[in-house]
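Trainee: Below you'll find model29.cif; it's mmCIF, C-alpha atoms.
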```cif
data_structure
#
loop_
_atom_site.label_atom_id
_atom_site.label_comp_id
_atom_site.auth_asym_id
_atom_site.auth_seq_id
_atom_site.Cartn_x
_atom_site.Cartn_y
_atom_site.Cartn_z
CA MET A 1 64.90 47.30 121.98
CA ALA A 2 66.06 50.78 122.92
CA ALA A 3 69.54 52.08 122.22
CA ILE A 4 72.12 51.28 124.89
CA GLN A 5 73.16 54.42 126.74
CA LYS A 6 74.71 52.97 129.92
CA GLU A 7 77.33 55.20 131.53
CA SER A 8 79.62 52.20 132.04
CA ALA A 9 79.48 51.26 128.35
CA VAL A 10 79.02 54.45 126.33
CA PRO A 11 79.19 57.64 128.42
CA VAL A 12 78.43 60.16 125.69
CA ARG A 13 78.26 58.39 122.32
CA GLN A 14 75.02 56.59 121.57
CA PHE A 15 75.42 52.93 120.70
CA ASP A 16 72.57 51.18 118.91
CA GLY A 17 73.15 47.64 117.68
CA ARG A 18 70.59 48.14 114.90
CA ARG A 19 72.86 50.77 113.38
CA VAL A 20 75.76 48.32 113.43
CA LEU A 21 73.59 45.65 111.77
CA ALA A 22 72.46 48.06 109.06
CA ALA A 23 76.00 49.31 108.42
CA ARG A 24 77.40 45.75 108.28
CA ARG A 25 74.79 44.72 105.74
CA ALA A 26 75.48 47.84 103.70
CA ALA A 27 79.20 46.98 103.75
CA LYS A 28 78.36 43.39 102.66
CA LEU A 29 80.29 41.93 105.58
CA GLN A 30 79.53 38.69 107.42
CA ARG A 31 79.70 38.72 111.21
CA ASN A 32 82.79 36.53 111.20
CA GLU A 33 84.52 38.87 108.73
CA LEU A 34 83.81 41.92 110.86
CA GLY A 35 84.90 39.99 113.92
CA ARG A 36 88.25 39.12 112.30
CA MET A 37 88.85 42.78 111.48
CA LEU A 38 88.35 43.68 115.14
CA GLY A 39 89.98 40.60 116.69
CA LEU A 40 86.64 39.36 118.06
CA SER A 41 84.31 36.43 117.58
CA LYS A 42 81.19 36.57 115.42
CA ASP A 43 79.18 35.91 118.60
CA SER A 44 80.41 39.20 120.07
CA ILE A 45 79.26 41.03 116.94
CA GLY A 46 75.88 39.30 117.18
CA ASP A 47 75.50 40.33 120.83
CA TRP A 48 76.12 43.97 119.86
CA GLU A 49 73.67 43.87 116.97
CA ARG A 50 70.96 42.39 119.19
CA CYS A 51 71.70 45.06 121.83
CA ASP A 52 72.50 42.27 124.32
CA SER A 53 75.78 44.03 125.06
CA ALA A 54 77.78 47.06 123.94
CA PRO A 55 81.44 47.42 122.97
CA SER A 56 83.78 49.32 125.24
CA PRO A 57 83.88 53.00 124.20
CA GLU A 58 87.46 52.82 122.96
CA ARG A 59 86.40 50.16 120.41
CA LEU A 60 83.88 52.41 118.69
CA PRO A 61 86.38 54.23 116.40
CA ALA A 62 87.78 50.93 115.09
CA LEU A 63 84.27 49.53 114.65
CA ALA A 64 83.15 52.58 112.66
CA GLN A 65 86.30 52.41 110.50
CA ALA A 66 85.82 48.69 109.81
CA LEU A 67 82.27 49.39 108.65
CA GLY A 68 83.37 52.33 106.50
CA GLN A 69 81.25 54.77 108.51
CA ASP A 70 81.91 58.15 110.05
CA LEU A 71 82.20 57.79 113.83
CA ASN A 72 79.83 60.73 114.44
CA VAL A 73 77.23 59.30 112.06
CA LEU A 74 77.25 55.71 113.29
CA PHE A 75 77.57 56.59 116.98
CA PRO A 76 76.25 60.14 117.39
CA ARG A 77 77.44 62.09 120.40
CA LEU A 78 74.89 62.96 123.08
CA GLY A 79 76.94 65.78 124.56
CA PRO A 80 80.36 67.46 124.54
CA PRO A 81 83.31 65.21 125.44
CA ASP A 82 85.06 64.88 128.77
CA LEU A 83 88.57 63.44 129.18
CA LYS A 84 87.40 59.85 129.04
CA ASP A 85 85.48 60.52 125.83
CA LEU A 86 88.54 62.07 124.13
CA ARG A 87 90.60 59.03 125.09
CA CYS A 88 87.97 56.62 123.79
CA ASP A 89 87.54 58.59 120.56
CA ALA A 90 91.30 58.22 120.05
CA GLY A 91 90.86 54.45 120.48
CA HIS A 92 93.02 54.05 123.60
CA THR A 93 92.41 52.26 126.87
CA GLN A 94 93.57 54.08 129.97
CA ALA A 95 96.54 51.72 130.27
CA GLU A 96 97.53 52.29 126.63
CA ALA A 97 97.36 56.07 126.99
CA ALA A 98 99.44 56.02 130.16
CA ARG A 99 102.01 53.74 128.53
CA ALA A 100 102.27 56.07 125.51
CA LEU A 101 102.98 59.01 127.84
CA GLY A 102 105.42 57.01 129.97
CA ILE A 103 103.42 57.54 133.17
CA SER A 104 101.28 55.44 135.48
CA ARG A 105 97.52 55.18 135.05
CA LEU A 106 96.84 57.07 138.27
CA PRO A 107 97.10 60.65 136.89
CA LEU A 108 94.75 59.79 134.02
CA SER A 109 92.35 57.94 136.29
CA ASN A 110 92.20 60.85 138.75
CA ALA A 111 91.65 63.41 136.00
CA GLU A 112 88.93 61.38 134.27
CA ALA A 113 87.18 60.82 137.60
CA GLY A 114 87.35 64.54 138.37
CA THR A 115 89.37 64.13 141.56
CA ARG A 116 92.74 65.64 140.58
CA ARG A 117 93.70 67.70 137.54
CA LEU A 118 96.40 66.72 135.10
CA ASN A 119 99.93 67.90 135.71
CA ASP A 120 100.73 70.73 133.28
CA ASP A 121 103.56 68.64 131.83
CA TYR A 122 101.05 66.03 130.65
CA VAL A 123 98.61 68.36 128.90
CA GLN A 124 100.39 68.91 125.56
CA PRO A 125 101.56 65.27 125.14
CA LEU A 126 98.06 64.03 125.95
CA ALA A 127 96.49 66.47 123.49
CA ASP A 128 98.90 65.20 120.82
CA LEU A 129 98.07 61.59 121.65
CA TYR A 130 94.33 62.28 121.41
CA ARG A 131 94.83 64.38 118.25
CA VAL A 132 93.08 67.46 119.63
CA GLU A 133 94.07 71.04 120.43
CA VAL A 134 95.21 71.84 123.97
CA GLU A 135 92.14 74.07 124.41
CA VAL A 136 89.86 71.14 123.56
CA LEU A 137 91.64 68.92 126.08
CA GLU A 138 91.38 71.56 128.81
CA GLU A 139 87.66 72.08 128.15
CA ALA A 140 87.15 68.31 128.33
CA GLN A 141 89.00 68.23 131.66
CA GLU A 142 86.65 70.89 133.04
CA ARG A 143 83.67 68.73 132.06
CA SER A 144 85.20 65.79 133.89
CA PHE A 145 85.05 67.87 137.06
CA VAL A 146 81.44 69.01 136.60
CA LYS A 147 79.78 65.83 135.33
CA SER A 148 76.01 65.56 135.47
CA GLY A 149 73.93 62.41 135.25
CA ALA A 150 72.27 63.26 131.91
CA PRO A 151 73.08 65.52 128.96
CA LYS A 152 71.82 69.06 129.30
CA LEU A 153 69.03 70.29 127.06
CA GLU A 154 71.43 72.32 124.92
CA ASP A 155 73.69 69.27 124.46
CA ARG A 156 71.10 67.05 122.77
CA PRO A 157 68.81 67.41 119.75
CA PRO A 158 65.38 68.95 120.47
CA GLN A 159 62.77 66.30 121.22
CA THR A 160 59.43 67.95 122.01
CA LEU A 161 57.50 70.36 119.80
CA GLY A 162 58.31 73.19 122.20
CA GLU A 163 62.02 72.41 122.08
CA LYS A 164 61.95 72.32 118.28
CA ILE A 165 60.21 75.70 118.05
CA THR A 166 62.67 77.18 120.55
CA SER A 167 65.59 75.78 118.56
CA PHE A 168 64.41 77.43 115.34
CA LEU A 169 63.74 80.71 117.15
CA GLN A 170 67.45 80.90 117.90
CA ARG A 171 68.11 80.96 114.15
CA LYS A 172 65.14 83.07 113.10
CA PRO A 173 63.64 85.21 115.88
CA LEU A 174 59.88 85.53 115.45
CA SER A 175 57.15 86.74 117.77
CA ASP A 176 54.38 84.41 118.90
CA GLY A 177 51.99 86.55 116.88
CA GLU A 178 54.03 86.11 113.69
CA ILE A 179 54.13 82.35 114.17
CA ALA A 180 50.37 82.34 114.81
CA ASP A 181 49.81 84.25 111.54
CA ALA A 182 51.76 81.60 109.61
CA VAL A 183 49.80 78.75 111.21
CA ASN A 184 46.48 80.52 110.57
CA SER A 185 47.47 81.06 106.95
CA ALA A 186 48.08 77.33 106.58
CA ALA A 187 44.78 76.54 108.34
CA GLY A 188 42.81 79.01 106.22
CA PHE A 189 41.14 80.71 109.19
CA PRO A 190 42.10 82.23 112.59
CA ALA A 191 42.72 78.96 114.41
CA VAL A 192 45.31 80.01 116.99
CA ASP A 193 46.52 83.20 118.67
CA ALA A 194 49.79 84.26 120.28
CA ALA A 195 48.77 82.70 123.60
CA GLY A 196 48.29 79.36 121.85
CA ILE A 197 51.77 79.55 120.30
CA LEU A 198 53.19 80.35 123.73
CA ALA A 199 51.56 77.17 125.07
CA LEU A 200 53.11 75.16 122.22
CA ARG A 201 56.51 76.80 122.61
CA THR A 202 56.68 76.07 126.34
CA ASP A 203 55.15 72.56 126.17
CA SER A 204 52.56 73.64 128.73
CA GLN A 205 49.52 71.58 129.72
CA GLU A 206 47.42 73.57 127.21
CA SER A 207 49.68 72.50 124.33
CA ALA A 208 47.70 69.32 123.60
CA GLU A 209 44.42 71.26 123.54
CA VAL A 210 45.86 73.79 121.09
CA GLN A 211 47.08 71.03 118.76
CA ALA A 212 43.72 69.24 118.93
CA SER A 213 41.89 72.41 117.91
CA LEU A 214 43.90 72.85 114.70
CA PRO A 215 43.09 71.22 111.34
CA PRO A 216 45.31 68.21 110.54
CA ASP A 217 48.77 69.11 109.19
CA SER A 218 48.12 72.86 109.40
CA LEU A 219 50.30 73.31 112.49
CA PHE A 220 53.40 71.68 111.02
CA ALA A 221 52.80 73.33 107.65
CA GLY A 222 52.48 76.74 109.30
CA LEU A 223 55.56 76.26 111.46
CA GLY A 224 57.52 75.08 108.44
CA ALA A 225 56.46 78.14 106.46
CA ALA A 226 57.29 80.47 109.35
CA PHE A 227 60.84 79.16 109.76
CA GLY A 228 61.49 78.21 106.15
CA VAL A 229 61.94 74.48 106.74
CA GLN A 230 60.08 71.29 105.88
CA PRO A 231 56.99 70.56 108.04
CA TRP A 232 58.53 67.19 108.89
CA PHE A 233 60.99 68.91 111.21
CA PHE A 234 58.19 69.40 113.73
CA ALA A 235 56.58 65.96 113.46
CA ASP A 236 57.13 63.05 115.80
CA GLY A 237 60.06 60.89 114.72
CA GLU A 238 58.02 57.70 114.44
CA GLU A 239 55.40 59.47 112.32
CA VAL A 240 58.12 60.71 109.95
CA GLU A 241 59.50 57.17 109.63
CA ARG A 242 56.01 55.84 108.87
CA GLN A 243 55.52 58.42 106.12
CA ILE A 244 58.94 57.59 104.63
CA LEU A 245 58.11 53.89 104.56
CA ASP A 246 54.70 54.60 103.00
CA ARG A 247 56.37 56.59 100.23
CA LEU A 248 58.99 53.90 99.64
CA GLU A 249 56.24 51.29 99.34
CA PHE A 250 54.44 53.58 96.87
CA LEU A 251 57.59 53.92 94.74
CA SER A 252 58.09 50.15 94.87
CA LEU A 253 54.49 49.59 93.73
CA MET A 254 54.86 52.06 90.88
CA ARG A 255 58.00 50.35 89.66
CA SER A 256 56.43 46.88 89.91
CA GLU A 257 53.54 48.16 87.80
CA GLY A 258 55.99 49.42 85.19
CA VAL A 259 55.41 53.09 85.99
CA SER A 260 58.52 55.21 85.65
CA VAL A 261 59.11 57.58 88.55
CA ALA A 262 61.35 60.44 87.54
CA ALA A 263 63.99 61.48 90.05
CA ARG A 264 64.38 65.19 90.61
CA GLY A 265 67.27 67.00 92.23
CA ALA A 266 69.80 65.06 94.30
CA SER A 267 72.48 66.03 91.78
CA GLU A 268 75.12 65.48 94.45
CA GLY A 269 73.90 62.00 95.36
CA VAL A 270 72.64 60.63 98.65
CA SER A 271 74.93 61.26 101.62
CA ALA A 272 76.42 58.43 103.69
CA ALA A 273 74.58 59.76 106.73
CA MET A 274 71.24 59.59 104.92
CA LEU A 275 71.93 56.06 103.67
CA ALA A 276 72.87 54.94 107.19
CA THR A 277 69.69 56.45 108.62
CA LEU A 278 67.51 54.87 105.93
CA SER A 279 69.14 51.48 106.50
CA GLU A 280 68.48 51.78 110.22
CA VAL A 281 64.79 52.64 109.64
CA LEU A 282 64.35 49.69 107.28
CA VAL A 283 66.08 47.25 109.65
CA ARG A 284 63.92 48.44 112.55
CA HIS A 285 60.79 48.13 110.42
CA GLU A 286 61.72 44.58 109.35
CA SER A 287 62.46 43.50 112.93
CA ALA A 288 59.29 45.02 114.43
CA PRO A 289 56.78 42.43 115.67
CA ARG A 290 53.93 41.85 113.26
CA PRO A 291 50.34 41.64 114.56
CA GLU A 292 49.08 38.08 114.73
CA GLU A 293 46.61 37.09 112.08
CA GLY A 294 43.18 36.23 113.46
#
```
Could you write out this structure as structure tokens?
Mentor:
Amino acid sequence: MAAIQKESAVPVRQFDGRRVLAARRAAKLQRNELGRMLGLSKDSIGDWERCDSAPSPERLPALAQALGQDLNVLFPRLGPPDLKDLRCDAGHTQAEAARALGISRLPLSNAEAGTRRLNDDYVQPLADLYRVEVEVLEEAQERSFVKSGAPKLEDRPPQTLGEKITSFLQRKPLSDGEIADAVNSAAGFPAVDAAGILALRTDSQESAEVQASLPPDSLFAGLGAAFGVQPWFFADGEEVERQILDRLEFLSLMRSEGVSVAARGASEGVSAAMLATLSEVLVRHESAPRPEEG
């Protein structure tokens, strides 16, 4: 089931119950134990993990803390915060925030809805309550007044091949001809020209034809060489997950056969973010429907 991204539940942070399930298992917590930590029933935790429902946004910080996870890792942000997001990230309901400031809910409600700006006297106390700088609070207030229905392109990770190429061009400016040279070097022959790279970069209708004309893996290898990154950065997310799982199964087979697989690098250990992502992939793989045996 897809991640829950309803405006009423999680306006900017992405909630995915599978991440919660993976993090709970990693923390060796039972549902009832996690529920006790949050003052909820185990059934509520189960509903979240099955993506049948989502917690209110102001619960996400406490949930991440209970699971021993970074809030931005467990519930990644889909865009910059508005006033409501800052309040929720601080773990306050609107009523709690108003009570802490000694005011009614109306000024906060109006500001979050983008109908009336905060009184200047409330700005510094509210920034202190939300544990942010005044400038951050004021920028969030501006976003509350110019809300759009979906995150802008620059506010979310690149999804398509064209978006990924464009993203790397911002870090390392290259001409279409230079990128074509790198791809052709990986292919071993002149397989694409600058016009073909332009089609890929802009996700035009010709993009699929260009990709089909290239030898397997040469495009991603060439792009990786051009920008100095791993070819995986340009692959489809599901394909990357499949390759990771294939390699994990290979390592498992080698170990079961008594073959020692030497570990190289990783002198600093595996990051919490990487472990959380791997747990999520494994949980999703385990819960995927299996084809029926004939």
Trainee: Using the chain letters and numbers from this file, what does the PyMOL selection byres ((chain A and resi 85) around 9) select? Give the answer as a list in words.
Mentor: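 Selected by the PyMOL selection byres ((chain A and resi 85) around 9) here: Val10, Pro11, Val12, Arg13, Pro57, Glu58, Pro80, Pro81, Asp82, Leu83, Lys84, Leu86, Arg87, Cys88, Asp89, Ala90 and Ala140 of chain A.
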Trainee: What do you get, as a ChimeraX atom specification, if you spell out every residue that the PyMOL selection byres ((chain A and resi 181-197) around 12) selects here?
Mentor: /A:161-162,165-166,174-180,198-228,231
Trainee: Residues near stretch 38-42 of chain A, anyone? I mean within 12 Å using all atoms listed in the file, not counting same-chain ones fewer than 3 positions away, as a PyMOL selection string.
Mentor: chain A and resi 29-35+45-49+55+59-67
Trainee: Provide the atom CA of A:Ala23 to atom CA of A:Phe75 distance in Å, to one decimal place.
Mentor: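 For atom CA of A:Ala23 relative to atom CA of A:Phe75, the distance reads 11.3 Å.
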Trainee: Grab the atom CA of A:Gln14 to atom CA of A:Gln69 distance for me, in Å with one decimal place.
Mentor: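 These two atoms are separated by 14.6 Å.
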Trainee: In Å, how far is it from atom CA of A:Gln159 to atom CA of A:Arg171?
Mentor: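 Between these atoms lies a distance of 17.1 Å.
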Trainee: Hey, which of A:Val20, A:Leu251, A:Ile103, A:Ala97 ends up closest to A:Asn119? Count only C-alpha atoms.
Mentor: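 Using only C-alpha atoms, the shortest distance to A:Asn119 belongs to A:Ile103.
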Trainee: Evaluate the PyMOL selection byres ((chain A and resi 136) around 12) and record the selected residues as a ChimeraX atom specification, following the chain and residue labels used in the document.
Mentor: /A:80-83,85-86,123-124,126-128,130-135,137-143
Trainee: List the neighbours of stretch 108-111 of chain A out to 8 Å using only C-alpha atoms; skip same-chain residues closer than 6 positions along the sequence, and give me the result as a list in words.
Mentor: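 So the residues in contact are Leu83, Gln94, Ala98, Arg117, Leu118, Gln141 and Ser144 of chain A.
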Trainee: Could you write those residues out with C-alpha atoms, as a PDB file, in the frame of the given file?
Mentor:
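Output contents, as saved in selection-v5.pdb:
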```
ATOM      1  CA  LEU A  83      88.570  63.440 129.180  1.00  0.00           C
ATOM      2  CA  GLN A  94      93.570  54.080 129.970  1.00  0.00           C
ATOM      3  CA  ALA A  98      99.440  56.020 130.160  1.00  0.00           C
ATOM      4  CA  ARG A 117      93.700  67.700 137.540  1.00  0.00           C
ATOM      5  CA  LEU A 118      96.400  66.720 135.100  1.00  0.00           C
ATOM      6  CA  GLN A 141      89.000  68.230 131.660  1.00  0.00           C
ATOM      7  CA  SER A 144      85.200  65.790 133.890  1.00  0.00           C
TER       8      SER A 144
END
```
Trainee: Around all the atoms of stretch 230-237 of chain A listed in the file, with 3 Å of room on each side, what axis-aligned box do you get, giving centre and edge lengths in Å to one decimal, as AutoDock Vina command-line options?
Mentor:
```
--center_x 58.8 --center_y 66.1 --center_z 110.8 --size_x 10.4 --size_y 16.4 --size_z 15.9
```
Trainee: Using all atoms listed in the file, can you tell me which of A:Phe234, A:Phe250, A:Phe15, A:Phe168 comes closest to A:Asn72?
Mentor: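 With all atoms listed in the file as the atom set, the closest residue is A:Phe15.
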Trainee: From the set A:Pro76, A:Pro158, A:Pro125, A:Pro107, which residue has the shortest atom-to-atom contact distance to A:Arg19, counting all atoms listed in the file?
Mentor: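 Ranked by minimum distance to A:Arg19, first place goes to A:Pro76.
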Trainee: Measuring between all atoms listed in the file, which one of A:Val73, A:Met37, A:Cys51, A:Ala100 shows the shortest distance to A:Gly17?
Mentor: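 Checking each of A:Val73, A:Met37, A:Cys51, A:Ala100 against A:Gly17, counting all atoms listed in the file, the winner is A:Cys51.
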Trainee: Please fill the gaps in stretch 206-235 of chain A so it has N, CA and C atoms, and write that as a short mmCIF file (atom, residue, chain, number, x, y, z; two decimals), in the coordinates of the input.
Mentor:
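Heads up, here's the output in selection_19.cif:
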```cif
data_model
loop_
_atom_site.label_atom_id
_atom_site.label_comp_id
_atom_site.auth_asym_id
_atom_site.auth_seq_id
_atom_site.Cartn_x
_atom_site.Cartn_y
_atom_site.Cartn_z
N GLU A 206 48.40 73.18 128.24
CA GLU A 206 47.42 73.57 127.21
C GLU A 206 47.88 73.21 125.81
N SER A 207 49.13 72.77 125.66
CA SER A 207 49.68 72.50 124.33
C SER A 207 48.85 71.46 123.57
N ALA A 208 48.47 70.37 124.26
CA ALA A 208 47.70 69.32 123.60
C ALA A 208 46.35 69.84 123.13
N GLU A 209 45.71 70.70 123.93
CA GLU A 209 44.42 71.26 123.54
C GLU A 209 44.56 72.14 122.30
N VAL A 210 45.63 72.92 122.25
CA VAL A 210 45.86 73.79 121.09
C VAL A 210 46.04 72.94 119.84
N GLN A 211 46.85 71.89 119.93
CA GLN A 211 47.08 71.03 118.76
C GLN A 211 45.79 70.35 118.31
N ALA A 212 44.96 69.92 119.27
CA ALA A 212 43.72 69.24 118.93
C ALA A 212 42.73 70.16 118.24
N SER A 213 42.84 71.46 118.50
CA SER A 213 41.89 72.41 117.91
C SER A 213 42.25 72.82 116.49
N LEU A 214 43.44 72.44 116.03
CA LEU A 214 43.90 72.85 114.70
C LEU A 214 43.59 71.78 113.65
N PRO A 215 43.30 72.19 112.41
CA PRO A 215 43.09 71.22 111.34
C PRO A 215 44.33 70.35 111.15
N PRO A 216 44.16 69.10 110.74
CA PRO A 216 45.31 68.21 110.54
C PRO A 216 46.35 68.81 109.61
N ASP A 217 47.60 68.69 109.98
CA ASP A 217 48.77 69.11 109.19
C ASP A 217 48.95 70.62 109.12
N SER A 218 47.97 71.42 109.54
CA SER A 218 48.12 72.86 109.40
C SER A 218 49.18 73.41 110.35
N LEU A 219 49.32 72.81 111.53
CA LEU A 219 50.30 73.31 112.49
C LEU A 219 51.71 73.14 111.95
N PHE A 220 52.05 71.93 111.52
CA PHE A 220 53.40 71.68 111.02
C PHE A 220 53.66 72.47 109.73
N ALA A 221 52.64 72.57 108.89
CA ALA A 221 52.80 73.33 107.65
C ALA A 221 53.04 74.80 107.96
N GLY A 222 52.30 75.34 108.92
CA GLY A 222 52.48 76.74 109.30
C GLY A 222 53.83 76.99 109.94
N LEU A 223 54.25 76.10 110.82
CA LEU A 223 55.56 76.26 111.46
C LEU A 223 56.67 76.16 110.42
N GLY A 224 56.52 75.22 109.49
CA GLY A 224 57.52 75.08 108.44
C GLY A 224 57.61 76.34 107.59
N ALA A 225 56.47 76.92 107.26
CA ALA A 225 56.46 78.14 106.46
C ALA A 225 57.07 79.30 107.24
N ALA A 226 56.79 79.37 108.53
CA ALA A 226 57.29 80.47 109.35
C ALA A 226 58.82 80.46 109.43
N PHE A 227 59.40 79.25 109.57
CA PHE A 227 60.84 79.16 109.76
C PHE A 227 61.59 78.77 108.49
N GLY A 228 60.85 78.53 107.41
CA GLY A 228 61.49 78.21 106.15
C GLY A 228 62.11 76.83 106.10
N VAL A 229 61.45 75.85 106.74
CA VAL A 229 61.94 74.48 106.74
C VAL A 229 60.80 73.55 106.37
N GLN A 230 61.11 72.27 106.19
CA GLN A 230 60.08 71.29 105.88
C GLN A 230 59.19 71.04 107.09
N PRO A 231 57.89 70.86 106.90
CA PRO A 231 56.99 70.56 108.04
C PRO A 231 57.41 69.35 108.84
N TRP A 232 58.11 68.41 108.20
CA TRP A 232 58.53 67.19 108.89
C TRP A 232 59.41 67.48 110.10
N PHE A 233 60.10 68.61 110.10
CA PHE A 233 60.99 68.91 111.21
C PHE A 233 60.25 68.96 112.54
N PHE A 234 58.95 69.22 112.50
CA PHE A 234 58.19 69.40 113.73
C PHE A 234 57.37 68.15 114.09
N ALA A 235 57.38 67.16 113.22
CA ALA A 235 56.58 65.96 113.46
C ALA A 235 57.30 65.01 114.40
#
```
